[in-house]
$ cat input_32.pdb   # PDB, C-alpha atoms
MODEL        1
ATOM      1  CA  MET A 264      -9.293 -23.691  25.788
ATOM      2  CA  ASP A 265      -8.599 -22.633  22.215
ATOM      3  CA  THR A 266      -6.385 -19.540  22.250
ATOM      4  CA  VAL A 267      -5.277 -19.481  18.605
ATOM      5  CA  ASN A 268      -6.598 -16.628  16.493
ATOM      6  CA  PRO A 269      -8.536 -18.272  13.600
ATOM      7  CA  ALA A 270      -6.790 -16.047  11.060
ATOM      8  CA  PHE A 271      -3.460 -17.424  12.277
ATOM      9  CA  SER A 272      -4.232 -20.774  10.658
ATOM     10  CA  SER A 273      -4.611 -19.082   7.266
ATOM     11  CA  LEU A 274      -1.410 -17.101   7.753
ATOM     12  CA  PHE A 275       0.539 -20.184   8.805
ATOM     13  CA  SER A 276      -0.801 -22.020   5.775
ATOM     14  CA  GLN A 277       0.249 -19.102   3.541
ATOM     15  CA  LEU A 278       3.731 -19.286   5.065
ATOM     16  CA  GLY A 279       3.912 -23.022   4.393
ATOM     17  CA  LEU A 280       3.849 -23.911   8.086
ATOM     18  CA  ASP A 281       1.729 -26.418   9.998
ATOM     19  CA  ASN A 282      -1.503 -24.566  10.695
ATOM     20  CA  GLY A 283      -3.007 -26.776  13.387
ATOM     21  CA  ASP A 284      -3.852 -25.089  16.688
ATOM     22  CA  GLU A 285      -1.229 -27.019  18.673
ATOM     23  CA  ALA A 286       1.448 -26.384  16.039
ATOM     24  CA  ILE A 287       0.699 -22.649  16.038
ATOM     25  CA  GLN A 288       0.828 -22.465  19.828
ATOM     26  CA  GLN A 289       4.099 -24.408  19.849
ATOM     27  CA  PHE A 290       5.586 -22.172  17.127
ATOM     28  CA  ILE A 291       4.704 -19.029  19.083
ATOM     29  CA  ALA A 292       6.042 -20.455  22.347
ATOM     30  CA  SER A 293       9.325 -21.586  20.800
ATOM     31  CA  HIS A 294       9.990 -18.582  18.545
ATOM     32  CA  GLN A 295       9.811 -15.641  20.941
ATOM     33  CA  LEU A 296      11.712 -12.583  19.720
ATOM     34  CA  PRO A 297      13.630  -9.891  21.590
ATOM     35  CA  SER A 298      11.810  -6.563  21.567
ATOM     36  CA  ASN A 299      14.349  -5.026  19.179
ATOM     37  CA  VAL A 300      13.846  -7.645  16.412
ATOM     38  CA  ARG A 301      11.188  -6.913  13.810
ATOM     39  CA  ILE A 302       9.049  -9.851  12.752
ATOM     40  CA  ALA A 303      10.338  -9.629   9.165
ATOM     41  CA  ASP A 304      13.919  -9.833  10.459
ATOM     42  CA  ALA A 305      13.367 -12.933  12.591
ATOM     43  CA  PRO A 306      16.092 -15.504  11.934
ATOM     44  CA  PHE A 307      13.694 -18.432  11.573
ATOM     45  CA  TRP A 308      12.031 -17.300   8.318
ATOM     46  CA  ASN A 309      13.268 -18.547   4.977
ATOM     47  CA  ALA A 310      13.747 -16.044   2.156
ATOM     48  CA  SER A 311      10.256 -16.414   0.683
ATOM     49  CA  GLN A 312       8.539 -16.193   4.089
ATOM     50  CA  ARG A 313      10.570 -13.091   4.929
ATOM     51  CA  ALA A 314       9.704 -11.495   1.577
ATOM     52  CA  PHE A 315       6.006 -12.261   2.028
ATOM     53  CA  ILE A 316       5.940 -10.730   5.510
ATOM     54  CA  GLU A 317       7.935  -7.659   4.491
ATOM     55  CA  GLU A 318       5.798  -7.056   1.396
ATOM     56  CA  ALA A 319       2.536  -7.494   3.309
ATOM     57  CA  ILE A 320       3.649  -4.974   5.930
ATOM     58  CA  LEU A 321       4.989  -2.430   3.428
ATOM     59  CA  GLU A 322       1.910  -2.603   1.230
ATOM     60  CA  ASP A 323      -0.489  -2.775   4.183
ATOM     61  CA  ALA A 324      -1.930  -5.830   2.458
ATOM     62  CA  GLN A 325      -4.810  -7.932   3.748
ATOM     63  CA  TRP A 326      -2.311  -9.999   5.731
ATOM     64  CA  ALA A 327      -0.803  -7.010   7.565
ATOM     65  CA  GLU A 328      -3.267  -7.107  10.467
ATOM     66  CA  VAL A 329      -2.805 -10.835  11.062
ATOM     67  CA  ILE A 330       0.972 -10.445  10.787
ATOM     68  CA  GLY A 331       0.691  -7.675  13.375
ATOM     69  CA  HIS A 332      -1.102 -10.054  15.742
ATOM     70  CA  LEU A 333       1.559 -12.697  15.159
ATOM     71  CA  ASP A 334       4.240 -10.081  15.790
ATOM     72  CA  SER A 335       2.617  -9.239  19.131
ATOM     73  CA  SER A 336       2.426 -12.921  20.019
ATOM     74  CA  LEU A 337       6.114 -13.440  19.214
ATOM     75  CA  HIS A 338       7.096 -10.520  21.470
ATOM     76  CA  GLN A 339       5.126 -11.511  24.606
ATOM     77  CA  LYS A 340       7.918 -12.525  26.958
TER      78      LYS A 340
ENDMDL
END

$ encode --input "input_32.pdb" --output "C-alpha coordinates"
Amino acid sequence: MDTVNPAFSSLFSQLGLDNGDEAIQQFIASHQLPSNVRIADAPFWNASQRAFIEEAILEDAQWAEVIGHLDSSLHQK
(Lines of atoms letter the chains of each structure in order from A and count residues from 1; the text may use other names and numbers.)
(Lines give C-alpha, C1' and ligand atoms only; values in the text may rest on other atoms or scores of the structure.)
Protein backbone atom coordinates (compact mmCIF):
# COMPACT_ATOMS: atom_id res chain seq x y z
CA MET A 1 0.00 0.00 0.00
CA ASP A 2 1.37 3.39 -1.00
CA THR A 3 1.12 5.75 1.98
CA VAL A 4 3.38 8.57 0.78
CA ASN A 5 1.69 11.86 -0.02
CA PRO A 6 2.49 12.59 -3.71
CA ALA A 7 3.49 16.16 -2.87
CA PHE A 8 6.11 14.77 -0.49
CA SER A 9 8.18 13.58 -3.44
CA SER A 10 8.35 17.13 -4.80
CA LEU A 11 9.25 18.53 -1.39
CA PHE A 12 11.96 15.93 -0.84
CA SER A 13 13.35 16.70 -4.28
CA GLN A 14 13.33 20.43 -3.45
CA LEU A 15 15.24 19.65 -0.25
CA GLY A 16 17.81 17.63 -2.19
CA LEU A 17 16.73 14.35 -0.61
CA ASP A 18 15.90 10.99 -2.18
CA ASN A 19 12.27 11.33 -3.22
CA GLY A 20 11.37 7.69 -3.80
CA ASP A 21 8.42 6.33 -1.82
CA GLU A 22 10.55 3.93 0.24
CA ALA A 23 13.16 6.61 0.96
CA ILE A 24 10.47 9.04 2.13
CA GLN A 25 8.87 6.44 4.38
CA GLN A 26 12.28 5.53 5.81
CA PHE A 27 13.17 9.21 6.37
CA ILE A 28 9.91 9.81 8.25
CA ALA A 29 10.31 6.65 10.34
CA SER A 30 13.91 7.43 11.28
CA HIS A 31 13.58 11.18 11.87
CA GLN A 32 10.76 11.42 14.39
CA LEU A 33 10.83 14.62 16.44
CA PRO A 34 9.84 15.34 20.04
CA SER A 35 6.65 17.38 20.25
CA ASN A 36 8.54 20.48 21.42
CA VAL A 37 10.85 20.64 18.36
CA ARG A 38 9.65 22.68 15.40
CA ILE A 39 10.30 21.17 11.98
CA ALA A 40 12.57 24.09 11.01
CA ASP A 41 14.66 23.47 14.15
CA ALA A 42 15.17 19.75 13.53
CA PRO A 43 18.84 18.84 13.91
CA PHE A 44 19.01 16.80 10.70
CA TRP A 45 18.55 19.71 8.26
CA ASN A 46 21.53 21.44 6.73
CA ALA A 47 21.60 25.24 6.65
CA SER A 48 19.98 25.61 3.22
CA GLN A 49 17.23 23.07 3.99
CA ARG A 50 16.50 24.83 7.28
CA ALA A 51 16.38 28.23 5.55
CA PHE A 52 14.04 26.91 2.86
CA ILE A 53 11.65 25.42 5.42
CA GLU A 54 11.70 28.49 7.65
CA GLU A 55 11.15 30.87 4.73
CA ALA A 56 8.31 28.77 3.29
CA ILE A 57 6.54 28.72 6.65
CA LEU A 58 7.06 32.43 7.37
CA GLU A 59 5.92 33.51 3.93
CA ASP A 60 3.10 30.95 3.79
CA ALA A 61 4.58 29.94 0.44
CA GLN A 62 3.24 27.21 -1.82
CA TRP A 63 5.35 24.69 0.08
CA ALA A 64 3.92 25.59 3.51
CA GLU A 65 1.03 23.11 3.33
CA VAL A 66 3.26 20.21 2.29
CA ILE A 67 5.80 21.16 4.96
CA GLY A 68 2.92 21.13 7.45
CA HIS A 69 2.05 17.57 6.41
CA LEU A 70 5.69 16.54 6.76
CA ASP A 71 5.79 18.20 10.17
CA SER A 72 2.77 16.15 11.25
CA SER A 73 4.39 12.98 9.94
CA LEU A 74 7.62 13.69 11.85
CA HIS A 75 5.67 14.16 15.10
CA GLN A 76 3.55 10.97 14.99
CA LYS A 77 5.12 8.94 17.78

$ atom_distance --input "input_32.pdb" --atom1 "atom CA of A:Leu321" --atom2 "atom CA of A:Asp304"
13.6 Å

$ resolve_selection --input "input_32.pdb" --expression "the PyMOL selection byres ((chain A and resi 316) around 8)" --output "list in words"
Ile302, Ala303, Gln312, Arg313, Ala314, Phe315, Glu317, Glu318, Ala319, Ile320, Ala327 and Ile330 of chain A

$ resolve_selection --input "input_32.pdb" --expression "the PyMOL selection byres ((chain A and resi 332-337) around 12)" --output "NGL selection string"
:A and (266-275 or 287-305 or 307 or 316 or 320 or 326-331 or 338-340)

$ write_last_selection --input "input_32.pdb" --atoms "C-alpha atoms" --output "JSON list (two decimals), in the frame of the given file"
[["chain", "number", "residue", "atom", "x", "y", "z"],
["A", 266, "THR", "CA", -6.38, -19.54, 22.25],
["A", 267, "VAL", "CA", -5.28, -19.48, 18.60],
["A", 268, "ASN", "CA", -6.60, -16.63, 16.49],
["A", 269, "PRO", "CA", -8.54, -18.27, 13.60],
["A", 270, "ALA", "CA", -6.79, -16.05, 11.06],
["A", 271, "PHE", "CA", -3.46, -17.42, 12.28],
["A", 272, "SER", "CA", -4.23, -20.77, 10.66],
["A", 273, "SER", "CA", -4.61, -19.08, 7.27],
["A", 274, "LEU", "CA", -1.41, -17.10, 7.75],
["A", 275, "PHE", "CA", 0.54, -20.18, 8.80],
["A", 287, "ILE", "CA", 0.70, -22.65, 16.04],
["A", 288, "GLN", "CA", 0.83, -22.46, 19.83],
["A", 289, "GLN", "CA", 4.10, -24.41, 19.85],
["A", 290, "PHE", "CA", 5.59, -22.17, 17.13],
["A", 291, "ILE", "CA", 4.70, -19.03, 19.08],
["A", 292, "ALA", "CA", 6.04, -20.45, 22.35],
["A", 293, "SER", "CA", 9.32, -21.59, 20.80],
["A", 294, "HIS", "CA", 9.99, -18.58, 18.55],
["A", 295, "GLN", "CA", 9.81, -15.64, 20.94],
["A", 296, "LEU", "CA", 11.71, -12.58, 19.72],
["A", 297, "PRO", "CA", 13.63, -9.89, 21.59],
["A", 298, "SER", "CA", 11.81, -6.56, 21.57],
["A", 299, "ASN", "CA", 14.35, -5.03, 19.18],
["A", 300, "VAL", "CA", 13.85, -7.64, 16.41],
["A", 301, "ARG", "CA", 11.19, -6.91, 13.81],
["A", 302, "ILE", "CA", 9.05, -9.85, 12.75],
["A", 303, "ALA", "CA", 10.34, -9.63, 9.16],
["A", 304, "ASP", "CA", 13.92, -9.83, 10.46],
["A", 305, "ALA", "CA", 13.37, -12.93, 12.59],
["A", 307, "PHE", "CA", 13.69, -18.43, 11.57],
["A", 316, "ILE", "CA", 5.94, -10.73, 5.51],
["A", 320, "ILE", "CA", 3.65, -4.97, 5.93],
["A", 326, "TRP", "CA", -2.31, -10.00, 5.73],
["A", 327, "ALA", "CA", -0.80, -7.01, 7.56],
["A", 328, "GLU", "CA", -3.27, -7.11, 10.47],
["A", 329, "VAL", "CA", -2.80, -10.84, 11.06],
["A", 330, "ILE", "CA", 0.97, -10.44, 10.79],
["A", 331, "GLY", "CA", 0.69, -7.68, 13.38],
["A", 338, "HIS", "CA", 7.10, -10.52, 21.47],
["A", 339, "GLN", "CA", 5.13, -11.51, 24.61],
["A", 340, "LYS", "CA", 7.92, -12.52, 26.96]]

$ atom_distance --input "input_32.pdb" --atom1 "atom CA of A:Ser311" --atom2 "atom CA of A:Leu278"
8.4 Å

$ axis_aligned_box --input "input_32.pdb" --around "stretch 310-318 of chain A" --padding-each-side "8 Å" --output "AutoDock Vina command-line options"
--center_x 9.8 --center_y -11.7 --center_z 3.1 --size_x 23.9 --size_y 25.4 --size_z 20.8
